[in-house]
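Peer 1: My structure is in run07.pdb, and what it holds is PDB, C-alpha atoms:
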ATOM      1  CA  MET A   1     -53.393 -57.129 -63.090  1.00  0.00           C
ATOM      2  CA  LYS A   2     -55.066 -53.992 -61.750  1.00  0.00           C
ATOM      3  CA  ASP A   3     -53.460 -50.940 -63.407  1.00  0.00           C
ATOM      4  CA  LYS A   4     -50.531 -52.910 -64.858  1.00  0.00           C
ATOM      5  CA  ILE A   5     -49.315 -51.447 -68.156  1.00  0.00           C
ATOM      6  CA  VAL A   6     -49.180 -54.235 -70.749  1.00  0.00           C
ATOM      7  CA  VAL A   7     -47.885 -53.714 -74.293  1.00  0.00           C
ATOM      8  CA  ILE A   8     -49.007 -56.350 -76.794  1.00  0.00           C
ATOM      9  CA  THR A   9     -47.592 -56.460 -80.313  1.00  0.00           C
ATOM     10  CA  GLY A  10     -49.986 -58.070 -82.755  1.00  0.00           C
ATOM     11  CA  GLY A  11     -52.788 -56.993 -80.446  1.00  0.00           C
ATOM     12  CA  SER A  12     -55.365 -56.029 -83.046  1.00  0.00           C
ATOM     13  CA  GLU A  13     -56.521 -59.560 -83.872  1.00  0.00           C
ATOM     14  CA  GLY A  14     -56.066 -63.244 -83.114  1.00  0.00           C
ATOM     15  CA  LEU A  15     -54.274 -64.399 -80.007  1.00  0.00           C
ATOM     16  CA  GLY A  16     -52.928 -60.927 -79.181  1.00  0.00           C
ATOM     17  CA  LYS A  17     -56.413 -59.449 -79.175  1.00  0.00           C
ATOM     18  CA  ALA A  18     -57.785 -62.342 -77.100  1.00  0.00           C
ATOM     19  CA  VAL A  19     -55.048 -61.885 -74.481  1.00  0.00           C
ATOM     20  CA  ALA A  20     -55.600 -58.119 -74.458  1.00  0.00           C
ATOM     21  CA  THR A  21     -59.344 -58.549 -73.947  1.00  0.00           C
ATOM     22  CA  LYS A  22     -58.755 -60.857 -70.977  1.00  0.00           C
ATOM     23  CA  LEU A  23     -56.182 -58.533 -69.411  1.00  0.00           C
ATOM     24  CA  VAL A  24     -58.436 -55.476 -69.751  1.00  0.00           C
ATOM     25  CA  ALA A  25     -61.190 -57.457 -68.013  1.00  0.00           C
ATOM     26  CA  GLU A  26     -58.730 -58.087 -65.174  1.00  0.00           C
ATOM     27  CA  GLY A  27     -57.998 -54.361 -64.789  1.00  0.00           C
ATOM     28  CA  ALA A  28     -54.829 -53.955 -66.840  1.00  0.00           C
ATOM     29  CA  LYS A  29     -54.154 -50.944 -69.039  1.00  0.00           C
ATOM     30  CA  VAL A  30     -53.399 -52.507 -72.395  1.00  0.00           C
ATOM     31  CA  VAL A  31     -51.446 -50.908 -75.228  1.00  0.00           C
ATOM     32  CA  LEU A  32     -52.051 -52.621 -78.556  1.00  0.00           C
ATOM     33  CA  VAL A  33     -49.423 -52.371 -81.279  1.00  0.00           C
ATOM     34  CA  ALA A  34     -49.999 -53.465 -84.872  1.00  0.00           C
ATOM     35  CA  HIS A  35     -49.615 -52.180 -88.412  1.00  0.00           C
ATOM     36  CA  ASN A  36     -53.328 -51.877 -89.284  1.00  0.00           C
ATOM     37  CA  GLN A  37     -54.935 -48.767 -87.787  1.00  0.00           C
ATOM     38  CA  GLU A  38     -58.513 -49.802 -88.619  1.00  0.00           C
ATOM     39  CA  LYS A  39     -58.147 -53.101 -86.773  1.00  0.00           C
ATOM     40  CA  LEU A  40     -56.467 -51.365 -83.837  1.00  0.00           C
ATOM     41  CA  VAL A  41     -59.248 -48.797 -83.514  1.00  0.00           C
ATOM     42  CA  ALA A  42     -61.899 -51.517 -83.706  1.00  0.00           C
ATOM     43  CA  ALA A  43     -60.137 -53.675 -81.102  1.00  0.00           C
ATOM     44  CA  CYS A  44     -59.722 -50.763 -78.695  1.00  0.00           C
ATOM     45  CA  GLY A  45     -63.347 -49.816 -79.214  1.00  0.00           C
ATOM     46  CA  GLN A  46     -64.386 -53.294 -78.104  1.00  0.00           C
ATOM     47  CA  MET A  47     -62.146 -53.190 -75.027  1.00  0.00           C
ATOM     48  CA  GLY A  48     -63.029 -49.759 -73.685  1.00  0.00           C
ATOM     49  CA  GLU A  49     -61.092 -46.972 -72.019  1.00  0.00           C
ATOM     50  CA  ASN A  50     -58.305 -49.171 -70.631  1.00  0.00           C
ATOM     51  CA  ALA A  51     -57.110 -49.986 -74.147  1.00  0.00           C
ATOM     52  CA  ASN A  52     -54.918 -47.722 -76.225  1.00  0.00           C
ATOM     53  CA  HIS A  53     -53.118 -48.312 -79.509  1.00  0.00           C
ATOM     54  CA  TYR A  54     -50.086 -47.381 -81.577  1.00  0.00           C
ATOM     55  CA  VAL A  55     -49.604 -48.109 -85.259  1.00  0.00           C
ATOM     56  CA  CYS A  56     -46.232 -49.737 -85.916  1.00  0.00           C
ATOM     57  CA  ASP A  57     -44.739 -52.209 -88.355  1.00  0.00           C
ATOM     58  CA  VAL A  58     -42.649 -54.325 -85.975  1.00  0.00           C
ATOM     59  CA  SER A  59     -40.372 -55.354 -88.851  1.00  0.00           C
ATOM     60  CA  VAL A  60     -39.066 -51.777 -89.169  1.00  0.00           C
ATOM     61  CA  PRO A  61     -36.575 -51.025 -86.360  1.00  0.00           C
ATOM     62  CA  ALA A  62     -36.957 -47.238 -86.621  1.00  0.00           C
ATOM     63  CA  GLU A  63     -40.739 -47.546 -86.197  1.00  0.00           C
ATOM     64  CA  VAL A  64     -40.239 -49.844 -83.211  1.00  0.00           C
ATOM     65  CA  ARG A  65     -37.907 -47.372 -81.501  1.00  0.00           C
ATOM     66  CA  THR A  66     -40.265 -44.455 -82.153  1.00  0.00           C
ATOM     67  CA  THR A  67     -43.304 -46.378 -80.936  1.00  0.00           C
ATOM     68  CA  ALA A  68     -41.578 -47.610 -77.790  1.00  0.00           C
ATOM     69  CA  SER A  69     -40.430 -44.066 -77.028  1.00  0.00           C
ATOM     70  CA  GLN A  70     -43.960 -42.736 -77.474  1.00  0.00           C
ATOM     71  CA  ILE A  71     -45.369 -45.419 -75.183  1.00  0.00           C
ATOM     72  CA  LEU A  72     -42.757 -44.739 -72.503  1.00  0.00           C
ATOM     73  CA  GLU A  73     -43.339 -40.995 -72.802  1.00  0.00           C
ATOM     74  CA  HIS A  74     -47.062 -41.531 -72.276  1.00  0.00           C
ATOM     75  CA  TYR A  75     -46.950 -44.185 -69.519  1.00  0.00           C
ATOM     76  CA  GLY A  76     -43.545 -43.613 -67.913  1.00  0.00           C
ATOM     77  CA  THR A  77     -42.787 -47.329 -67.851  1.00  0.00           C
ATOM     78  CA  ILE A  78     -44.440 -50.645 -68.645  1.00  0.00           C
ATOM     79  CA  ASP A  79     -44.974 -53.750 -66.557  1.00  0.00           C
ATOM     80  CA  ILE A  80     -45.305 -56.410 -69.238  1.00  0.00           C
ATOM     81  CA  LEU A  81     -44.331 -56.710 -72.899  1.00  0.00           C
ATOM     82  CA  ILE A  82     -46.029 -59.481 -74.867  1.00  0.00           C
ATOM     83  CA  ASN A  83     -44.437 -59.987 -78.285  1.00  0.00           C
ATOM     84  CA  CYS A  84     -47.290 -61.620 -80.175  1.00  0.00           C
ATOM     85  CA  ALA A  85     -46.982 -60.112 -83.658  1.00  0.00           C
ATOM     86  CA  GLY A  86     -46.498 -62.748 -86.284  1.00  0.00           C
ATOM     87  CA  ILE A  87     -47.056 -63.406 -89.962  1.00  0.00           C
ATOM     88  CA  TRP A  88     -46.635 -66.427 -92.200  1.00  0.00           C
ATOM     89  CA  THR A  89     -46.816 -67.302 -95.853  1.00  0.00           C
ATOM     90  CA  ASP A  90     -49.916 -68.762 -97.476  1.00  0.00           C
ATOM     91  CA  GLU A  91     -47.837 -71.083 -99.619  1.00  0.00           C
ATOM     92  CA  GLU A  92     -45.613 -74.025 -98.890  1.00  0.00           C
ATOM     93  CA  LEU A  93     -42.381 -72.667 -97.485  1.00  0.00           C
ATOM     94  CA  GLU A  94     -40.190 -73.879-100.347  1.00  0.00           C
ATOM     95  CA  LYS A  95     -42.503 -72.168-102.864  1.00  0.00           C
ATOM     96  CA  ALA A  96     -42.852 -68.925-100.938  1.00  0.00           C
ATOM     97  CA  ASP A  97     -41.481 -65.771-102.461  1.00  0.00           C
ATOM     98  CA  PRO A  98     -38.034 -64.950-101.001  1.00  0.00           C
ATOM     99  CA  ASP A  99     -39.192 -61.424-100.105  1.00  0.00           C
ATOM    100  CA  ARG A 100     -42.120 -62.883 -98.168  1.00  0.00           C
ATOM    101  CA  ARG A 101     -39.808 -65.291 -96.295  1.00  0.00           C
ATOM    102  CA  LYS A 102     -37.607 -62.314 -95.426  1.00  0.00           C
ATOM    103  CA  LYS A 103     -40.637 -60.360 -94.158  1.00  0.00           C
ATOM    104  CA  VAL A 104     -41.636 -63.354 -91.972  1.00  0.00           C
ATOM    105  CA  LEU A 105     -38.188 -63.340 -90.333  1.00  0.00           C
ATOM    106  CA  GLU A 106     -38.141 -59.559 -89.952  1.00  0.00           C
ATOM    107  CA  THR A 107     -41.560 -59.588 -88.293  1.00  0.00           C
ATOM    108  CA  ASN A 108     -41.521 -62.764 -86.208  1.00  0.00           C
ATOM    109  CA  THR A 109     -37.904 -62.793 -85.092  1.00  0.00           C
ATOM    110  CA  LEU A 110     -36.321 -59.382 -85.531  1.00  0.00           C
ATOM    111  CA  GLY A 111     -39.504 -57.548 -84.506  1.00  0.00           C
ATOM    112  CA  THR A 112     -39.524 -59.463 -81.243  1.00  0.00           C
ATOM    113  CA  ILE A 113     -35.869 -58.677 -80.633  1.00  0.00           C
ATOM    114  CA  GLU A 114     -36.246 -54.979 -81.504  1.00  0.00           C
ATOM    115  CA  PHE A 115     -39.323 -54.454 -79.296  1.00  0.00           C
ATOM    116  CA  THR A 116     -37.649 -56.195 -76.371  1.00  0.00           C
ATOM    117  CA  LYS A 117     -34.475 -54.172 -76.926  1.00  0.00           C
ATOM    118  CA  ALA A 118     -36.478 -50.930 -77.038  1.00  0.00           C
ATOM    119  CA  PHE A 119     -38.145 -51.538 -73.655  1.00  0.00           C
ATOM    120  CA  GLU A 120     -35.234 -53.269 -71.906  1.00  0.00           C
ATOM    121  CA  PRO A 121     -33.572 -50.098 -70.545  1.00  0.00           C
ATOM    122  CA  SER A 122     -36.827 -48.963 -68.908  1.00  0.00           C
ATOM    123  CA  LEU A 123     -37.518 -52.400 -67.457  1.00  0.00           C
ATOM    124  CA  ARG A 124     -33.996 -52.537 -65.991  1.00  0.00           C
ATOM    125  CA  ALA A 125     -34.140 -48.968 -64.694  1.00  0.00           C
ATOM    126  CA  HIS A 126     -37.366 -49.735 -62.831  1.00  0.00           C
ATOM    127  CA  ASN A 127     -36.059 -53.174 -61.807  1.00  0.00           C
ATOM    128  CA  LYS A 128     -39.356 -54.772 -62.726  1.00  0.00           C
ATOM    129  CA  GLY A 129     -41.315 -56.204 -65.592  1.00  0.00           C
ATOM    130  CA  HIS A 130     -41.826 -59.261 -67.697  1.00  0.00           C
ATOM    131  CA  VAL A 131     -41.311 -60.064 -71.371  1.00  0.00           C
ATOM    132  CA  LEU A 132     -43.327 -62.857 -72.972  1.00  0.00           C
ATOM    133  CA  ASN A 133     -42.509 -63.986 -76.498  1.00  0.00           C
ATOM    134  CA  VAL A 134     -45.415 -65.763 -78.144  1.00  0.00           C
ATOM    135  CA  ILE A 135     -45.292 -65.087 -81.895  1.00  0.00           C
ATOM    136  CA  SER A 136     -48.828 -66.212 -82.526  1.00  0.00           C
ATOM    137  CA  THR A 137     -48.536 -67.374 -86.138  1.00  0.00           C
TER     138      THR A 137
END
Mind turning the file's structure into structure tokens?
Peer 2:
Amino acid sequence: MKDKIVVITGGSEGLGKAVATKLVAEGAKVVLVAHNQEKLVAACGQMGENANHYVCDVSVPAEVRTTASQILEHYGTIDILINCAGIWTDEELEKADPDRRKKVLETNTLGTIEFTKAFEPSLRAHNKGHVLNVIST
């Protein structure tokens, strides 16, 4: 993993953060993406200089496109995309607010699709890379 560029959505906590921590320890340059800046800063602080972050709500396609462009501008390309951002509802599904159910789909499904779509041209152009879809929640 030495010097591989790895983008992890949902990287500020939970499974995404655990994977990022392991990859940094193996020499990867990890880019954490999440919607909470405080958690991102704290996570990067724990991981050291090989961790960077971008604030992005993966459920908003325009934010995804902007964030992916910024990452590609900074790094040139990426080696691995790990789609790990995920949310759920705290209630039983049938009782959950319809807006919350919509947000779950926009984050867990459409966010994954949009992030993959945003990096796909670069991955193809460089004829390398991997995409892993985890959706941790």
Peer 1: What are the closest atom pairs, with distances in Å to one decimal, for each residue of region 33-93 of chain A lying within 8 Å of region 16-21 of chain A, using all atoms listed in the file, rows by chain and rising residue number, as CSV?
Peer 2:
residue,atom,partner,partner_atom,distance
A:Ala43,CA,A:Lys17,CA,7.1
A:Met47,CA,A:Thr21,CA,6.1
A:Cys84,CA,A:Gly16,CA,5.8
A:Ala85,CA,A:Gly16,CA,7.5
Peer 1: Quick check on the file I pasted: which residues fall under the PyMOL selection byres ((chain A and resi 2) around 6)? Write them as a PyMOL selection string.
Peer 2: chain A and resi 1+3-4+27-28
Peer 1: Produce a file of the selected residues containing C-alpha atoms, as a PDB file, in the frame of the given file.
Peer 2:
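Output below, filename again-v3.pdb:
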ATOM      1  CA  MET A   1     -53.393 -57.129 -63.090  1.00  0.00           C
ATOM      2  CA  ASP A   3     -53.460 -50.940 -63.407  1.00  0.00           C
ATOM      3  CA  LYS A   4     -50.531 -52.910 -64.858  1.00  0.00           C
ATOM      4  CA  GLY A  27     -57.998 -54.361 -64.789  1.00  0.00           C
ATOM      5  CA  ALA A  28     -54.829 -53.955 -66.840  1.00  0.00           C
TER       6      ALA A  28
END
Peer 1: Excluding Gly76 (chain A) and residues on its chain fewer than 4 positions from it, collect all residues at most 12 Å away from it, counting only C-alpha atoms, and give them as an mmCIF file with C-alpha atoms, keeping the file's coordinate frame.
Peer 2:
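Resulting contents of around-v9.cif:
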data_model
loop_
_atom_site.group_PDB
_atom_site.id
_atom_site.type_symbol
_atom_site.label_atom_id
_atom_site.label_comp_id
_atom_site.auth_asym_id
_atom_site.auth_seq_id
_atom_site.Cartn_x
_atom_site.Cartn_y
_atom_site.Cartn_z
ATOM 1 C CA ILE A 5 -49.315 -51.447 -68.156
ATOM 2 C CA ALA A 68 -41.578 -47.610 -77.790
ATOM 3 C CA SER A 69 -40.430 -44.066 -77.028
ATOM 4 C CA GLN A 70 -43.960 -42.736 -77.474
ATOM 5 C CA ILE A 71 -45.369 -45.419 -75.183
ATOM 6 C CA LEU A 72 -42.757 -44.739 -72.503
ATOM 7 C CA PHE A 119 -38.145 -51.538 -73.655
ATOM 8 C CA SER A 122 -36.827 -48.963 -68.908
ATOM 9 C CA LEU A 123 -37.518 -52.400 -67.457
ATOM 10 C CA ALA A 125 -34.140 -48.968 -64.694
ATOM 11 C CA HIS A 126 -37.366 -49.735 -62.831
#
Peer 1: Assuming the input is short of atoms at region 45-81 of chain A, produce N, CA and C atoms for that part as a compact mmCIF listing (two decimals), keeping the file's coordinate frame.
Peer 2:
# COMPACT_ATOMS: atom_id res chain seq x y z
N GLY A 45 -61.94 -50.15 -79.41
CA GLY A 45 -63.35 -49.82 -79.21
C GLY A 45 -64.10 -50.92 -78.49
N GLN A 46 -63.75 -52.15 -78.76
CA GLN A 46 -64.39 -53.29 -78.10
C GLN A 46 -63.92 -53.45 -76.66
N MET A 47 -62.72 -52.99 -76.36
CA MET A 47 -62.15 -53.19 -75.03
C MET A 47 -62.42 -52.05 -74.06
N GLY A 48 -62.71 -50.87 -74.57
CA GLY A 48 -63.03 -49.76 -73.68
C GLY A 48 -61.85 -48.86 -73.35
N GLU A 49 -62.04 -48.05 -72.33
CA GLU A 49 -61.09 -46.97 -72.02
C GLU A 49 -59.73 -47.44 -71.51
N ASN A 50 -59.60 -48.68 -71.09
CA ASN A 50 -58.30 -49.17 -70.63
C ASN A 50 -57.47 -49.77 -71.75
N ALA A 51 -57.88 -49.53 -72.99
CA ALA A 51 -57.11 -49.99 -74.15
C ALA A 51 -56.71 -48.77 -74.98
N ASN A 52 -55.47 -48.78 -75.39
CA ASN A 52 -54.92 -47.72 -76.22
C ASN A 52 -54.17 -48.40 -77.36
N HIS A 53 -53.82 -47.67 -78.39
CA HIS A 53 -53.12 -48.31 -79.51
C HIS A 53 -52.08 -47.39 -80.15
N TYR A 54 -51.12 -48.05 -80.79
CA TYR A 54 -50.09 -47.38 -81.58
C TYR A 54 -49.89 -48.18 -82.86
N VAL A 55 -49.85 -47.47 -83.97
CA VAL A 55 -49.60 -48.11 -85.26
C VAL A 55 -48.10 -48.25 -85.44
N CYS A 56 -47.67 -49.48 -85.74
CA CYS A 56 -46.23 -49.74 -85.92
C CYS A 56 -46.04 -51.03 -86.69
N ASP A 57 -45.17 -51.00 -87.67
CA ASP A 57 -44.74 -52.21 -88.36
C ASP A 57 -43.53 -52.73 -87.59
N VAL A 58 -43.72 -53.83 -86.86
CA VAL A 58 -42.65 -54.32 -85.98
C VAL A 58 -41.42 -54.78 -86.74
N SER A 59 -41.53 -54.94 -88.06
CA SER A 59 -40.37 -55.35 -88.85
C SER A 59 -39.47 -54.19 -89.23
N VAL A 60 -39.85 -52.97 -88.84
CA VAL A 60 -39.07 -51.78 -89.17
C VAL A 60 -38.47 -51.21 -87.87
N PRO A 61 -37.18 -51.44 -87.63
CA PRO A 61 -36.58 -51.02 -86.36
C PRO A 61 -36.80 -49.57 -85.98
N ALA A 62 -36.74 -48.66 -86.94
CA ALA A 62 -36.96 -47.24 -86.62
C ALA A 62 -38.37 -47.00 -86.10
N GLU A 63 -39.36 -47.67 -86.69
CA GLU A 63 -40.74 -47.55 -86.20
C GLU A 63 -40.87 -48.12 -84.79
N VAL A 64 -40.20 -49.23 -84.54
CA VAL A 64 -40.24 -49.84 -83.21
C VAL A 64 -39.67 -48.88 -82.17
N ARG A 65 -38.53 -48.30 -82.45
CA ARG A 65 -37.91 -47.37 -81.50
C ARG A 65 -38.80 -46.17 -81.24
N THR A 66 -39.38 -45.61 -82.31
CA THR A 66 -40.26 -44.46 -82.15
C THR A 66 -41.50 -44.82 -81.33
N THR A 67 -42.10 -45.95 -81.64
CA THR A 67 -43.30 -46.38 -80.94
C THR A 67 -43.02 -46.64 -79.47
N ALA A 68 -41.94 -47.34 -79.18
CA ALA A 68 -41.58 -47.61 -77.79
C ALA A 68 -41.33 -46.30 -77.04
N SER A 69 -40.67 -45.36 -77.67
CA SER A 69 -40.43 -44.07 -77.03
C SER A 69 -41.73 -43.34 -76.73
N GLN A 70 -42.66 -43.39 -77.68
CA GLN A 70 -43.96 -42.74 -77.47
C GLN A 70 -44.73 -43.39 -76.32
N ILE A 71 -44.68 -44.70 -76.26
CA ILE A 71 -45.37 -45.42 -75.18
C ILE A 71 -44.75 -45.06 -73.84
N LEU A 72 -43.43 -45.07 -73.77
CA LEU A 72 -42.76 -44.74 -72.50
C LEU A 72 -43.00 -43.28 -72.11
N GLU A 73 -43.05 -42.40 -73.10
CA GLU A 73 -43.34 -41.00 -72.80
C GLU A 73 -44.74 -40.86 -72.21
N HIS A 74 -45.67 -41.61 -72.73
CA HIS A 74 -47.06 -41.53 -72.28
C HIS A 74 -47.27 -42.20 -70.92
N TYR A 75 -46.69 -43.39 -70.73
CA TYR A 75 -46.95 -44.18 -69.52
C TYR A 75 -45.83 -44.13 -68.47
N GLY A 76 -44.67 -43.66 -68.85
CA GLY A 76 -43.54 -43.61 -67.91
C GLY A 76 -42.74 -44.89 -67.89
N THR A 77 -43.41 -46.02 -67.81
CA THR A 77 -42.79 -47.33 -67.85
C THR A 77 -43.86 -48.34 -68.24
N ILE A 78 -43.47 -49.58 -68.42
CA ILE A 78 -44.44 -50.64 -68.64
C ILE A 78 -44.16 -51.75 -67.64
N ASP A 79 -45.14 -52.61 -67.46
CA ASP A 79 -44.97 -53.75 -66.56
C ASP A 79 -44.74 -55.05 -67.32
N ILE A 80 -45.38 -55.17 -68.46
CA ILE A 80 -45.30 -56.41 -69.24
C ILE A 80 -45.26 -56.07 -70.73
N LEU A 81 -44.37 -56.76 -71.44
CA LEU A 81 -44.33 -56.71 -72.90
C LEU A 81 -44.66 -58.10 -73.40
